[in-house]
Amino acid sequence: MLTSNFVRIQPFELPASDSKTVAPVSIVVSITKDGVYDVDNAPCRREDLAGRITAAVRKLNDPEHTAITIVAETGTDFEKVTEVLGIAAALKVQAILATQPKS
Amino acid sequence: MGFKKRSKVSAEFNMSSLTDIIFLLLIFFMLTSTLVAPNAINFNLPGSSQKRVESTRSLDEIRINSTGRYYYNNRNITLIEMEQQLQRLSAGKEPKSESVIISIDKGAKVEDVVAVMDLTLKFEINRVLAPEK
């Protein structure tokens, strides 16, 4: 509990926020400010994003308890996040935006 | 002389106490790991099972542009002024009874949007995201 706050998984800076949320099983979509997308740590082209996320959600087979965690690097245009939010809304799954604590 | 023979100290290692400790640690981490909430912001997406609140009242609008400037009802303000404005908006009211529209211009950065969302969460104000298409 104490040490988990110091564990940094992402190699880049995330937006700072003190908000915390408990999310169900999630699919992780990372977006860098250069527009590089990863779905569950596998590189993905922008045009394949919807298909890859849909496949990942179907694989989990429980949309009610599935969330898409959007890990967007600081400096990323918000419309890239909006695109993923749109996919999540169409699939009727939750969406959360990963942040890092304000230091 | 009848000295008593000292009892020998056993050099054997008792594994049962070690497994006890391991199981205790395992249970401790299993229980506490569920209490760790990751830093994240939750979005209430349309179509989800959210309660709809109909309102005829006009809502205050926060606009974020691509250069990171904030506008509160078309007035250019800083983030500190925004915090004061939102504090005034929520003062003396029931939590989640007030709402704001967050209009996001094309090219606005994610950290600027998160900064505003963070303030609305702090003052328990509902937010409606309106990104520019």
# chains A, B, ... in the order shown; residues from 1 in each chain; ligands from 1

call {"tool": "interface_residues", "arguments": {"of": "chain A", "to": "chain B", "cutoff": "9 Å", "atoms": "only C-alpha atoms", "output": "ChimeraX atom specification"}}
result
/A:1,4-5,14-23,69,72-79,81-82,85-86,88-90,92-101

call {"tool": "residues_around", "arguments": {"residues": "Ile68 in chain A", "least_positions_apart": "4", "cutoff": "6 Å", "atoms": "only C-alpha atoms", "output": "PyMOL selection string"}}
result
chain A and resi 26-28+95

call {"tool": "write_last_selection", "arguments": {"atoms": "C-alpha atoms", "output": "JSON list (two decimals), in the first residue's frame"}}
result
[["chain", "number", "residue", "atom", "x", "y", "z"],
["A", 26, "SER", "CA", -9.49, -3.03, -17.64],
["A", 27, "ILE", "CA", -8.05, -2.77, -21.08],
["A", 28, "VAL", "CA", -5.17, -0.30, -21.14],
["A", 95, "ALA", "CA", -13.64, 4.63, -19.28]]

call {"tool": "residues_around", "arguments": {"residues": "range 40-53 of chain A", "least_positions_apart": "4", "cutoff": "8 Å", "atoms": "only C-alpha atoms", "output": "PyMOL selection string"}}
result
chain A and resi 27-30+36+57+84+87

call {"tool": "select_by_dssp", "arguments": {"residues": "chain A", "states": "strand (DSSP E or B)", "output": "ChimeraX atom specification"}}
result
/A:16,20,25-31,37-39,42-44,66-72,77,94-98,100

call {"tool": "residues_around", "arguments": {"residues": "Arg63 in chain B", "least_positions_apart": "5", "cutoff": "7 Å", "atoms": "only C-alpha atoms", "output": "tab-separated table (two decimals) with C-alpha atoms, in the first residue's frame"}}
result
chain	number	residue	atom	x	y	z
B	70	TYR	CA	-9.13	29.05	-19.72
B	71	TYR	CA	-12.36	31.00	-20.24
B	72	TYR	CA	-15.18	31.11	-17.72
B	102	ILE	CA	-16.42	22.09	-20.25
B	103	SER	CA	-15.94	23.04	-23.90
B	104	ILE	CA	-12.69	21.69	-25.24

call {"tool": "atom_distance", "arguments": {"atom1": "CA of Arg127 in chain B", "atom2": "CA of Glu94 in chain B"}}
result
15.1 Å
